[in-house]
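Step one of this worksheet: look at the structure below.
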Amino acid sequence: MSFTALSALKSKQLTDQLIDQSVIVDPASAKGRLLKSAATLFKRQGFDSTTVRDLAKEMGIKSGSLFHHYQSKQEILLNVMHQAILLNQARLELALSLNENLTDKIHALILCELQASLLDTGAQMTILVYEWRCLNPENQQKLLTLRDNYEAVWFEHLSQAKTQGLVNIDPKILRRFLIGSISGTIHWYQEGGKYSTEKLAEMMLMMALKDA
């Protein structure tokens, strides 16, 4: 294989570009810091158990000041998820563009999602998986197209792998298995431990594809 991982430098350049284009919020801005703090609290305590007072305390501001940025806790949750999908969709597409053959592209998909779940956007991705039910129906609908587009990228490549005989099982089932494996790493993975995210991605690729 000639797999090319998305480098930290390219990822940062992409993030800066998205900020400049107002696609995502600058994480260093007041809004960005609020969303990051909210994601951390929602992951730790759960959305329902996190109060506006908790959010304000985490930010070191008065509760009323939160509403200068977002009208409600529900809107904060929506934007945590929205930002995570937009950023990681862009990273996914860039990583795919760096690789040519199908096996390497699936490797890129796995590694990108692992790193999104375990590194800088880990809290946000955890919220996407475990707190989706806390979005009201209107806000779920706002995110469904983005989420479906993200999943469509996976399905396209896993379907090609099935057609080429690289996998034996239904691509939709394989994607479910991979979602479970990747999201489950948040419960046991230790950064700086025995296995890097790169090594874990290689292992998952070997489990997903024949002769990988």
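Identifiers in the structure tokens: chain A, B, ... in order shown; residue index from 1 per chain; ligand index from 1 in order shown.
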Which residues come within 9 Å of region 72-75 of chain A, counting only C-alpha atoms, excluding same-chain residues fewer than 6 positions away, as an MDAnalysis selection string? chainID A and resid 47 51:52 66 134:136 139
Shell around His82 (chain A) at 9 Å using only C-alpha atoms, local window under 2 positions removed, as number ranges by chain: A: 24, 77-80, 84-87, 142-143, 146
Picked from region 46-173 of chain A by DSSP as alpha helix (DSSP H), as a ChimeraX atom specification: /A:52-59,73-97,102-118,122-130,137-163,171-173
Take the residues from that selection and write them out as a short mmCIF file (atom, residue, chain, number, x, y, z; two decimals), in the first residue's frame, keeping C-alpha atoms.
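Output saved as part.cif:
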data_model
loop_
_atom_site.label_atom_id
_atom_site.label_comp_id
_atom_site.auth_asym_id
_atom_site.auth_seq_id
_atom_site.Cartn_x
_atom_site.Cartn_y
_atom_site.Cartn_z
CA VAL A 52 -26.98 26.67 31.82
CA ARG A 53 -25.32 27.52 35.14
CA ASP A 54 -22.85 24.64 34.59
CA LEU A 55 -21.98 26.03 31.16
CA ALA A 56 -21.50 29.55 32.48
CA LYS A 57 -19.32 28.31 35.34
CA GLU A 58 -17.15 26.32 32.93
CA MET A 59 -16.72 29.47 30.83
CA LYS A 73 -28.97 25.11 25.51
CA GLN A 74 -30.65 23.26 22.64
CA GLU A 75 -29.13 25.69 20.13
CA ILE A 76 -25.71 25.16 21.70
CA LEU A 77 -26.09 21.39 21.28
CA LEU A 78 -27.14 21.85 17.65
CA ASN A 79 -24.09 23.97 16.91
CA VAL A 80 -21.68 21.59 18.67
CA MET A 81 -22.86 18.84 16.35
CA HIS A 82 -23.07 21.05 13.27
CA GLN A 83 -19.48 22.27 13.65
CA ALA A 84 -18.17 18.73 14.20
CA ILE A 85 -19.84 17.37 11.07
CA LEU A 86 -18.68 20.25 8.86
CA LEU A 87 -15.06 20.08 10.02
CA ASN A 88 -14.72 16.33 9.89
CA GLN A 89 -16.50 16.04 6.54
CA ALA A 90 -13.94 18.47 5.11
CA ARG A 91 -11.06 16.54 6.68
CA LEU A 92 -12.46 13.29 5.30
CA GLU A 93 -12.67 14.65 1.78
CA LEU A 94 -9.13 16.03 1.94
CA ALA A 95 -7.74 12.73 3.26
CA LEU A 96 -9.50 10.83 0.46
CA SER A 97 -7.98 13.16 -2.13
CA LEU A 102 -9.62 1.95 -2.78
CA THR A 103 -7.89 0.17 0.11
CA ASP A 104 -5.97 3.32 0.98
CA LYS A 105 -9.11 5.43 0.76
CA ILE A 106 -10.92 3.15 3.23
CA HIS A 107 -7.83 3.30 5.45
CA ALA A 108 -8.13 7.11 5.30
CA LEU A 109 -11.82 6.98 6.23
CA ILE A 110 -11.10 4.83 9.27
CA LEU A 111 -8.13 6.88 10.46
CA CYS A 112 -9.94 10.21 10.03
CA GLU A 113 -12.93 9.04 12.05
CA LEU A 114 -10.71 7.52 14.73
CA GLN A 115 -8.73 10.73 15.10
CA ALA A 116 -11.90 12.81 15.09
CA SER A 117 -13.29 10.64 17.90
CA LEU A 118 -10.15 10.48 20.01
CA GLY A 122 -13.38 13.83 20.40
CA ALA A 123 -15.96 15.38 22.72
CA GLN A 124 -17.99 16.75 19.81
CA MET A 125 -18.00 13.40 17.98
CA THR A 126 -19.03 11.61 21.16
CA ILE A 127 -21.95 14.02 21.49
CA LEU A 128 -22.96 13.26 17.90
CA VAL A 129 -23.14 9.54 18.65
CA TYR A 130 -24.57 9.49 22.16
CA PRO A 137 -37.07 16.90 15.92
CA GLU A 138 -36.62 20.24 14.15
CA ASN A 139 -32.90 20.35 14.91
CA GLN A 140 -32.44 16.70 14.01
CA GLN A 141 -33.92 17.51 10.62
CA LYS A 142 -31.44 20.38 10.18
CA LEU A 143 -28.54 17.98 10.59
CA LEU A 144 -29.87 14.94 8.78
CA THR A 145 -28.70 16.02 5.33
CA LEU A 146 -25.18 16.73 6.61
CA ARG A 147 -25.07 13.44 8.48
CA ASP A 148 -26.43 11.54 5.47
CA ASN A 149 -23.81 13.15 3.20
CA TYR A 150 -21.07 12.07 5.59
CA GLU A 151 -22.41 8.50 5.69
CA ALA A 152 -22.82 8.46 1.90
CA VAL A 153 -19.06 8.89 1.52
CA TRP A 154 -18.51 5.78 3.63
CA PHE A 155 -21.18 3.79 1.84
CA GLU A 156 -19.81 4.69 -1.59
CA HIS A 157 -16.36 3.34 -0.77
CA LEU A 158 -17.54 0.27 1.15
CA SER A 159 -19.91 -0.58 -1.72
CA GLN A 160 -17.03 -0.38 -4.18
CA ALA A 161 -15.04 -2.68 -1.89
CA LYS A 162 -17.92 -5.18 -1.90
CA THR A 163 -18.14 -5.03 -5.71
CA PRO A 171 -21.59 -2.55 3.26
CA LYS A 172 -24.33 -1.14 5.51
CA ILE A 173 -23.65 -3.81 8.13
#
Pairwise distance for CA of Ala30 (chain A) and CA of Glu191 (chain A), rounded to one decimal in Å: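 Interatomic distance, CA of Ala30 (chain A) to CA of Glu191 (chain A): 27.7 Å.
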